[in-house]
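The next block holds one structure in the form of structure tokens; read it before the comments.
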Amino acid sequence: MRNIFFVSIFLFSTLLTSHAQLPPNFQQWLQQNAYQLAYRINQYAPDRYNLLVGQQKTSIKQAVHSSRVQQSNWQVATVVKEVSNNTFDIAITFHCVAGSLKNASVSVDVDVLKWSASNYVLLPSSAYNGNKYAYRRLRYSPKLYEVQDIGVDKPIILTDIPKLSEANGVSRIQERSGSLATPAMGYRDSARNTGFWLLTHQGNRLGDYGMDVEETRNRNKAIFSITAPIVREQYVYKICDNRVPSWDEPKDFKQGDKVTIQLRVQTFAAPTTQEVFNQFARIRKTFITDTALTNQIPYAAAMQLLEKKYNEKNFVPEHGYYAIGLRENFLQDWQIGWTGGMITTYPLLFAGNDTTVNRVLRNFDWLFAKGISPSGFYWDAGRNGTEWFGGDIRKPHTKNWHLVRKSADAVWYIIKQFKLMEQKGLTVKPQWKAGNARVCDAFVKVWNKYHQLGQFVDSQTGDITVGGSSSGALVPAALLAAADYYKNDTYKHTAIAIGNYLNVQFVQKGIACGGPGDALQNFDSESAYYLVESFVALYEATNDAQWLTIAENAAKQFSTWVVSYNYRFPDTSAFGKAKIHSIGTVYANTQNKHAAPGMCTASGLGLLKLYQYTGNSWYVHLLQDIAHGITQYLPHPQKPLGNAPFGYVSERINLSDWEGPETIGYILPLTTWAETSLMLTTIEIPGVYIQVPQKKVIAFDNIDAKWVDEKAGKVTVLLTNNSLVDASVSIWVNSGKNKLLADNYLYQAERITLKKGESKKYTIDYVNK
């Protein structure tokens with residue numbers, strides 16, 4: 001409907017004289033905020049890597065402007081509609097009415113005429129605080145190299161990514177719309193305590209938009225721009241390198257060509273940086289309307305295929321462990337956490353057959369025989385079942401650098417498995433318990449010595465080698481799980497102290513970094529999500545409402561990493577042919593600019609808990625986007641996906657050209673951690689979630705669910721399996737009383753079987769359960 005409005009208004013606007021004014025309320029809004037709306041017509045030299053060689057910029061003062069650029073005449077019509085107070089929709093149509101212009105693009109600028117370098121700039125999944133931090137030009141997989149950069153109390157250091165400058169010099173981000181989880185740009189004015197968001201579409205008939213932010217030399221002005229077609233001047237970003245010669249292609253405009261750029265702008269009160277995230281959470285789905293989900297492979301079928309694949313391809317029988325990959329190198333052999341390891345064994349133990357469960361138990365025996373380093377932390381990685389490594393052996397100076405989050409992953413998921421074993425009647429061996437507790441003690445020791453956790457610790461000594469970062473974002477949750485399991489109050493007290501540190505140093509600053517082991521301290525979704533889990537766990541452990549508020553803040557920040565719409569992949573790409581719905585995929589980090597199926601590596605259970613504790617359905621719908629679409633990326637006999645083998649789930653969902661222009665929508669046929677995230681989703685997120693007080697039902701699994709009625713403590717829902725195969729669906733009822741979702745709460749959940757195409761009414765007695 002919005003497009004119909006703009007088209008009809010544009011047809012009317014062409015009848016206006018060139019002196020027709022913009023709406024007075026919009027003009028007043030521009031003046032009050034010291035903004036200028038302008039359009040540009042740009043020309044480039046392609047043989048000089050799209051060097052800008054000509055530009056005409058015009059401040060938009062009226063509804064219709066005329067411009068002449070070289071041998072071309074243009075009419076530019078602007079239509080503004082007030083959506084609500086301080087929110088406006090804008091459509092600007094460029095019409096080449098005579099002549100032609102080669103190697104060109106058109107742009108819309110919002111000039112911020114009163115700017116400060118201290119303003120917090122946010123481009124979802126692409127720039128946090130404008131990426132205004134020191135950086136180093138290092139090849140993938142980067143590790144800090146210079147002596148002066150390595151130590152406990154060093155500042156955040158990024159790789160060479162699109163960024164505003166933290167010092168003097170050029171300060172400009174040139175991005176592609178697909179590089180942003182939501183095509184949007186925002187900031188907080190630190191002097192006026194106001195915020196600004198600009199929302200737009202993926203692009204128009206010329207393809208994806210270019211989205212730029214630039215600060216002037218003296219930093220007293222900034223420009224937020226949308227350009228069609230995308231033309232990044234001289235340089236584009238390709239993994240770890242922001243100085244790759246531009247491959248973008250300008251357009252040759254001719255008489256009669258028309259192109260429209262649509263956007264929404266708004267301002268709001270922002271007394272803190274958090275309010276920029278809060279407002280984003282409210283509006284992230286309000287401009288692009290293609291947010292539909294799709295049913296493909298149900299959870300049970302996905303888990304069955306993945307269990308088969310892990311037993312055939314990943315299990316190493318001579319040593320008794322599940323490798324995280326196909327063992328082509330040490331990082332695809334064994335890592336304790338981050339990309340698999342003792343995370344993967346959890347869903348296999350939960351949902352596996354007897355053979356699989358016995359293999360998981362062998363995995364525990366193998367790990368605890370020699371898998372803990374002299375520092376007390378788990379060994380970082382391993383090879384051939386007998387070699388253990390402290391860090392990245394490809395770079396000798398980092399051979400003992402253990403990524404902190406890996407041991408946090410292991411502690412947390414191992415305790416979940418201990419509880420599950422006990423629930424299943426299996427023996428949890430004393431040496432397993434003692435070994436895991438030793439790692440918890442190592443975390444306490446590091447915290448007591450440094451009052452931070454760092455990003456990397458030395459596997460021999462336990463000392464921090466690279467400080468800072470929120471790599472240990474999951475440590476509070478892990479220590480709280482340990483405090484409960486081992487009845488150790490020291491773990492709880494330490495978790496609370498670490499939680500306070502993480503809130504002050506990261507959440508309140510609007511950043512989360514250091515979770516991945518291959519991206520220096522670039523901002524990332526992994527630690528952003530783990531902050532949610534830890535603050536939820538702190539609320540559960542203390543019943544202190546402040547932790548619930550902080551968890552909500554962290555969840556709003558995490559949402560900036562989650563794709564909020566369905567990207568239009570090229571029709572010729574593998575994902576385009578597969579009709580992939582990208583909504584709910586999760587961007588990795590500001591260096592590795594791909595979306596992925598799910599979080600690395602978690603199910604999203606913390607979001608469901610947040611819903612249960614707050615009653616705010618925003619959390620459950622965010623989780624639904626992530627959890628429902630995740631099985632699309634599993635190649636299955638009933639749904640092949642390009643040339644990827646069945647059961648292989650790649651982490652790569654490229655909505656941008658960070659690996660090259662030909663890689664948008666391609667399939668990288670690898671086996672990755674995304675398989676573990678999918679398996680975790682199938683065991684920790686219910687297939688159907690019934691909210692009794694609200695009389696609502698949500699299908700996380702790939703089926704349709706509809707509320708029917710609720711009488712005398714019984715709920716009836718209509719379930720329809722429109723997926724590609726038969727489904728066995730877990731059911732969970734939230735009656736408004738049972739708010740605690742304990743570990744393994746779905747282990748004995750009600751299930752319903754639906755054949756492909758079948759519908760059933762399902763009634764459950766939630767009172768007597």
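Convention: chains lettered A, B, ... in structure tokens order; per-chain residue numbering from 1; ligands numbered from 1 as shown.
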
Who sits within 7 Å of region 38-50 of chain A, only C-alpha atoms, same chain under 4 positions skipped, as a list of chain:residue names: A:Gly54, A:Gln55, A:Gln56, A:Lys57, A:Thr58, A:Ser59, A:Ile60, A:Asn103, A:Ala104, A:Ser105, A:Val106, A:Ser107, A:Val108, A:Asp109, A:Val110, A:Glu233, A:Gln234, A:Pro245, A:Ser246

Could those selected residues go to a file with N, CA, C and O atoms, as a PDB file, in the first residue's frame?
ATOM      1  N   GLY A  54      32.351  14.005 -10.943  1.00  0.00           N
ATOM      2  CA  GLY A  54      31.364  15.056 -11.102  1.00  0.00           C
ATOM      3  C   GLY A  54      30.197  14.832 -10.183  1.00  0.00           C
ATOM      4  O   GLY A  54      29.792  13.694  -9.909  1.00  0.00           O
ATOM      5  N   GLN A  55      29.662  15.929  -9.665  1.00  0.00           N
ATOM      6  CA  GLN A  55      28.547  15.803  -8.735  1.00  0.00           C
ATOM      7  C   GLN A  55      27.766  17.105  -8.702  1.00  0.00           C
ATOM      8  O   GLN A  55      28.349  18.185  -8.647  1.00  0.00           O
ATOM      9  N   GLN A  56      26.458  16.999  -8.768  1.00  0.00           N
ATOM     10  CA  GLN A  56      25.611  18.162  -8.551  1.00  0.00           C
ATOM     11  C   GLN A  56      24.701  17.861  -7.382  1.00  0.00           C
ATOM     12  O   GLN A  56      23.923  16.904  -7.414  1.00  0.00           O
ATOM     13  N   LYS A  57      24.827  18.668  -6.333  1.00  0.00           N
ATOM     14  CA  LYS A  57      24.029  18.475  -5.135  1.00  0.00           C
ATOM     15  C   LYS A  57      23.080  19.661  -4.981  1.00  0.00           C
ATOM     16  O   LYS A  57      23.489  20.816  -5.087  1.00  0.00           O
ATOM     17  N   THR A  58      21.804  19.356  -4.707  1.00  0.00           N
ATOM     18  CA  THR A  58      20.770  20.388  -4.599  1.00  0.00           C
ATOM     19  C   THR A  58      19.987  20.199  -3.316  1.00  0.00           C
ATOM     20  O   THR A  58      19.474  19.100  -3.049  1.00  0.00           O
ATOM     21  N   SER A  59      19.909  21.257  -2.519  1.00  0.00           N
ATOM     22  CA  SER A  59      19.081  21.220  -1.328  1.00  0.00           C
ATOM     23  C   SER A  59      17.619  21.230  -1.747  1.00  0.00           C
ATOM     24  O   SER A  59      17.194  22.036  -2.577  1.00  0.00           O
ATOM     25  N   ILE A  60      16.841  20.311  -1.184  1.00  0.00           N
ATOM     26  CA  ILE A  60      15.438  20.185  -1.574  1.00  0.00           C
ATOM     27  C   ILE A  60      14.602  21.179  -0.764  1.00  0.00           C
ATOM     28  O   ILE A  60      14.416  21.023   0.441  1.00  0.00           O
ATOM     29  N   ASN A 103      27.843   6.563 -16.725  1.00  0.00           N
ATOM     30  CA  ASN A 103      28.619   6.257 -15.518  1.00  0.00           C
ATOM     31  C   ASN A 103      28.151   7.083 -14.322  1.00  0.00           C
ATOM     32  O   ASN A 103      28.930   7.789 -13.685  1.00  0.00           O
ATOM     33  N   ALA A 104      26.878   6.973 -14.016  1.00  0.00           N
ATOM     34  CA  ALA A 104      26.289   7.853 -13.016  1.00  0.00           C
ATOM     35  C   ALA A 104      25.516   7.069 -11.960  1.00  0.00           C
ATOM     36  O   ALA A 104      25.256   5.873 -12.092  1.00  0.00           O
ATOM     37  N   SER A 105      25.132   7.787 -10.918  1.00  0.00           N
ATOM     38  CA  SER A 105      24.206   7.298  -9.896  1.00  0.00           C
ATOM     39  C   SER A 105      23.435   8.491  -9.365  1.00  0.00           C
ATOM     40  O   SER A 105      23.789   9.647  -9.633  1.00  0.00           O
ATOM     41  N   VAL A 106      22.387   8.216  -8.599  1.00  0.00           N
ATOM     42  CA  VAL A 106      21.629   9.280  -7.942  1.00  0.00           C
ATOM     43  C   VAL A 106      21.599   8.983  -6.451  1.00  0.00           C
ATOM     44  O   VAL A 106      21.628   7.821  -6.028  1.00  0.00           O
ATOM     45  N   SER A 107      21.531  10.056  -5.647  1.00  0.00           N
ATOM     46  CA  SER A 107      21.596   9.899  -4.201  1.00  0.00           C
ATOM     47  C   SER A 107      20.619  10.815  -3.504  1.00  0.00           C
ATOM     48  O   SER A 107      20.272  11.893  -4.015  1.00  0.00           O
ATOM     49  N   VAL A 108      20.211  10.386  -2.305  1.00  0.00           N
ATOM     50  CA  VAL A 108      19.471  11.229  -1.374  1.00  0.00           C
ATOM     51  C   VAL A 108      20.328  11.382  -0.130  1.00  0.00           C
ATOM     52  O   VAL A 108      20.825  10.390   0.412  1.00  0.00           O
ATOM     53  N   ASP A 109      20.511  12.633   0.306  1.00  0.00           N
ATOM     54  CA  ASP A 109      21.317  12.926   1.484  1.00  0.00           C
ATOM     55  C   ASP A 109      20.457  13.528   2.583  1.00  0.00           C
ATOM     56  O   ASP A 109      19.594  14.372   2.321  1.00  0.00           O
ATOM     57  N   VAL A 110      20.717  13.099   3.816  1.00  0.00           N
ATOM     58  CA  VAL A 110      20.251  13.827   4.983  1.00  0.00           C
ATOM     59  C   VAL A 110      21.499  14.413   5.639  1.00  0.00           C
ATOM     60  O   VAL A 110      22.326  13.677   6.193  1.00  0.00           O
ATOM     61  N   GLU A 233      32.983   4.462  -3.965  1.00  0.00           N
ATOM     62  CA  GLU A 233      34.031   5.206  -4.650  1.00  0.00           C
ATOM     63  C   GLU A 233      35.411   4.642  -4.341  1.00  0.00           C
ATOM     64  O   GLU A 233      35.831   4.607  -3.187  1.00  0.00           O
ATOM     65  N   GLN A 234      36.070   4.155  -5.357  1.00  0.00           N
ATOM     66  CA  GLN A 234      37.452   3.667  -5.342  1.00  0.00           C
ATOM     67  C   GLN A 234      37.643   2.344  -4.607  1.00  0.00           C
ATOM     68  O   GLN A 234      38.365   1.478  -5.079  1.00  0.00           O
ATOM     69  N   PRO A 245      39.965  -2.509  -4.704  1.00  0.00           N
ATOM     70  CA  PRO A 245      39.458  -1.629  -5.757  1.00  0.00           C
ATOM     71  C   PRO A 245      37.979  -1.885  -6.068  1.00  0.00           C
ATOM     72  O   PRO A 245      37.546  -3.024  -6.192  1.00  0.00           O
ATOM     73  N   SER A 246      37.226  -0.809  -6.186  1.00  0.00           N
ATOM     74  CA  SER A 246      35.778  -0.903  -6.363  1.00  0.00           C
ATOM     75  C   SER A 246      35.415  -1.660  -7.635  1.00  0.00           C
ATOM     76  O   SER A 246      35.946  -1.394  -8.716  1.00  0.00           O
TER      77      SER A 246
END

Those in region 353-534 of chain A with helix (DSSP H, G or I) from DSSP, as a ChimeraX atom specification: /A:354-370,396-398,404-424,430-450,475-486,489-505,507-509,525-534

Å distance separating CA of Asp765 (chain A) from CA of Asn543 (chain A), one decimal place: 29.4 Å

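The shortest atom-to-atom distance to Thr339 (chain A), with only C-alpha atoms taken into account, belongs to A:Pro516 out of A:Gly130, A:Gly615, A:Pro516, A:Gly462.
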
Residues near region 62-71 of chain A, cut-off 10 Å, only C-alpha atoms, skip fewer than 2 positions along chain, as an MDAnalysis selection string: chainID A and resid 10 13:23 27 39:43 54:60 73:80 92:102

Create the file for the chosen residues now, containing C-alpha atoms and written as a short mmCIF file (atom, residue, chain, number, x, y, z; two decimals), in the first residue's frame.
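File out11.cif, as written:
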data_model
loop_
_atom_site.label_atom_id
_atom_site.label_comp_id
_atom_site.auth_asym_id
_atom_site.auth_seq_id
_atom_site.Cartn_x
_atom_site.Cartn_y
_atom_site.Cartn_z
CA PHE A 10 4.11 11.36 -7.47
CA SER A 13 3.25 16.07 -7.86
CA THR A 14 4.32 16.17 -11.50
CA LEU A 15 1.41 18.50 -12.09
CA LEU A 16 2.71 20.93 -9.48
CA THR A 17 4.75 23.95 -10.37
CA SER A 18 8.40 23.94 -9.46
CA HIS A 19 7.55 26.41 -6.71
CA ALA A 20 5.31 24.04 -4.72
CA GLN A 21 6.68 23.81 -1.19
CA LEU A 22 7.34 20.80 0.99
CA PRO A 23 4.82 20.30 3.82
CA GLN A 27 10.16 21.93 6.94
CA TYR A 39 19.58 15.10 -3.76
CA ARG A 40 22.70 14.39 -5.77
CA ILE A 41 23.45 13.30 -9.31
CA ASN A 42 26.91 11.73 -9.43
CA GLN A 43 29.34 10.72 -12.16
CA GLY A 54 31.36 15.06 -11.10
CA GLN A 55 28.55 15.80 -8.74
CA GLN A 56 25.61 18.16 -8.55
CA LYS A 57 24.03 18.48 -5.14
CA THR A 58 20.77 20.39 -4.60
CA SER A 59 19.08 21.22 -1.33
CA ILE A 60 15.44 20.19 -1.57
CA ASN A 73 18.17 17.41 -18.07
CA TRP A 74 16.51 16.09 -14.93
CA GLN A 75 13.30 16.64 -13.04
CA VAL A 76 13.42 15.57 -9.39
CA ALA A 77 10.10 15.28 -7.55
CA THR A 78 9.85 14.90 -3.78
CA VAL A 79 6.82 13.60 -1.92
CA VAL A 80 6.67 13.74 1.89
CA ILE A 92 12.29 11.13 -4.35
CA THR A 93 11.93 10.33 -8.05
CA PHE A 94 14.72 11.17 -10.48
CA HIS A 95 13.52 11.55 -14.09
CA CYS A 96 15.97 12.07 -16.94
CA VAL A 97 13.71 14.15 -19.20
CA ALA A 98 16.27 14.83 -21.93
CA GLY A 99 19.76 13.81 -23.02
CA SER A 100 21.87 11.15 -21.33
CA LEU A 101 24.46 10.74 -18.60
CA LYS A 102 27.00 7.93 -18.52
#

Shell around Phe268 (chain A) at 12 Å using only C-alpha atoms, local window under 4 positions removed, as a VMD selection string: chain A and resid 29 33 84 to 87 186 to 189 192 to 198 272 275 to 280

Write out the residues from the selection above, keeping C-alpha atoms, as a CSV table (one decimal), in the first residue's frame.
chain,number,residue,atom,x,y,z
A,29,TRP,CA,11.1,19.3,11.5
A,33,ASN,CA,16.8,19.3,14.1
A,84,SER,CA,3.3,10.2,13.0
A,85,ASN,CA,4.9,12.8,15.2
A,86,ASN,CA,8.5,13.4,14.1
A,87,THR,CA,8.3,10.5,11.5
A,186,GLY,CA,20.9,5.8,13.2
A,187,TYR,CA,22.7,7.8,15.7
A,188,ARG,CA,22.3,9.4,19.1
A,189,ASP,CA,23.1,13.1,19.5
A,192,ARG,CA,20.9,17.2,22.6
A,193,ASN,CA,20.0,13.7,23.9
A,194,THR,CA,18.0,12.9,20.8
A,195,GLY,CA,18.1,10.0,18.4
A,196,PHE,CA,17.6,9.6,14.7
A,197,TRP,CA,16.7,6.7,12.5
A,198,LEU,CA,16.6,6.4,8.7
A,272,THR,CA,20.9,7.2,26.8
A,275,GLU,CA,17.2,4.3,23.7
A,276,VAL,CA,18.6,4.1,20.1
A,277,PHE,CA,18.4,0.3,20.4
A,278,ASN,CA,15.0,0.5,22.0
A,279,GLN,CA,13.6,2.6,19.2
A,280,PHE,CA,15.2,0.3,16.6

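Scanning region 463-661 of chain A with DSSP on the backbone, the strand (DSSP E or B) assignments fall on Ile464, Thr465, Val466, Cys513, Phe523, Asp524, Val562, Val586, Tyr587, Asn589, Ala595, Ala596, Met599, Ala602, His636, Lys639 and Ile653 of chain A.
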
Please build the interface table for region 263-362 of chain A against region 382-386 of chain A with a cut-off of 8 Å, listing for each qualifying residue the nearest atom pair and the distance in Å to one decimal; count only C-alpha atoms, order rows by chain and increasing number, and write it as JSON lines.
{"residue": "A:His319", "atom": "CA", "partner": "A:Gly385", "partner_atom": "CA", "distance": 5.7}
{"residue": "A:Tyr321", "atom": "CA", "partner": "A:Gly385", "partner_atom": "CA", "distance": 7.8}
{"residue": "A:Arg327", "atom": "CA", "partner": "A:Arg383", "partner_atom": "CA", "distance": 7.9}
{"residue": "A:Asn329", "atom": "CA", "partner": "A:Arg383", "partner_atom": "CA", "distance": 7.8}
{"residue": "A:Phe330", "atom": "CA", "partner": "A:Arg383", "partner_atom": "CA", "distance": 5.1}
{"residue": "A:Leu331", "atom": "CA", "partner": "A:Gly382", "partner_atom": "CA", "distance": 7.6}
{"residue": "A:Asp333", "atom": "CA", "partner": "A:Arg383", "partner_atom": "CA", "distance": 5.7}
{"residue": "A:Trp334", "atom": "CA", "partner": "A:Gly382", "partner_atom": "CA", "distance": 4.9}
{"residue": "A:Gln335", "atom": "CA", "partner": "A:Gly382", "partner_atom": "CA", "distance": 6.5}

How about saving the chosen residues, C-alpha atoms kept, as a CSV table (one decimal), in the first residue's frame?
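Result saved to out-v2.csv:
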chain,number,residue,atom,x,y,z
A,319,HIS,CA,39.3,-42.4,19.9
A,321,TYR,CA,34.7,-38.4,20.1
A,327,ARG,CA,38.9,-33.3,10.2
A,329,ASN,CA,42.5,-29.5,9.6
A,330,PHE,CA,42.9,-29.1,13.3
A,331,LEU,CA,40.1,-26.5,13.6
A,333,ASP,CA,38.8,-31.7,14.1
A,334,TRP,CA,38.2,-30.6,17.6
A,335,GLN,CA,37.4,-27.4,19.4

Non-local contacts of Thr291 (chain A) (7 Å; only C-alpha atoms; under 5 positions in same chain excluded) as a PyMOL selection string: chain A and resi 564-566+583

Keeping only C-alpha atoms, write the selected residues as an mmCIF file, in the first residue's frame.
data_model
loop_
_atom_site.group_PDB
_atom_site.id
_atom_site.type_symbol
_atom_site.label_atom_id
_atom_site.label_comp_id
_atom_site.auth_asym_id
_atom_site.auth_seq_id
_atom_site.Cartn_x
_atom_site.Cartn_y
_atom_site.Cartn_z
ATOM 1 C CA SER A 564 14.303 -8.322 9.781
ATOM 2 C CA TYR A 565 13.060 -8.907 6.221
ATOM 3 C CA ASN A 566 13.297 -11.243 3.251
ATOM 4 C CA ILE A 583 14.269 -13.221 7.803
#

Shell of 8 Å around Gln460 (chain A), only C-alpha atoms, local chain residues under 6 positions omitted, as a PyMOL selection string: chain A and resi 373-375+390+400

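Using only C-alpha atoms, the protein and nucleic acid residues lying no more than 8 Å from region 428-435 of chain A, apart from those fewer than 6 places from it along its own chain, are Phe364, Asp365, Phe368, Ile372, Phe418, Met421 and Glu422 of chain A.
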
Could the residues of region 533-588 of chain A that have an atom at most 6 Å from region 161-182 of chain A be listed as JSON lines, each with its closest atom pair and the distance in Å to one decimal, counting only C-alpha atoms and ordered by chain and ascending residue number?
{"residue": "A:Trp561", "atom": "CA", "partner": "A:Ala181", "partner_atom": "CA", "distance": 5.7}
{"residue": "A:Val562", "atom": "CA", "partner": "A:Ala181", "partner_atom": "CA", "distance": 5.8}
{"residue": "A:Val563", "atom": "CA", "partner": "A:Ala181", "partner_atom": "CA", "distance": 4.3}
{"residue": "A:Ser564", "atom": "CA", "partner": "A:Thr182", "partner_atom": "CA", "distance": 5.8}
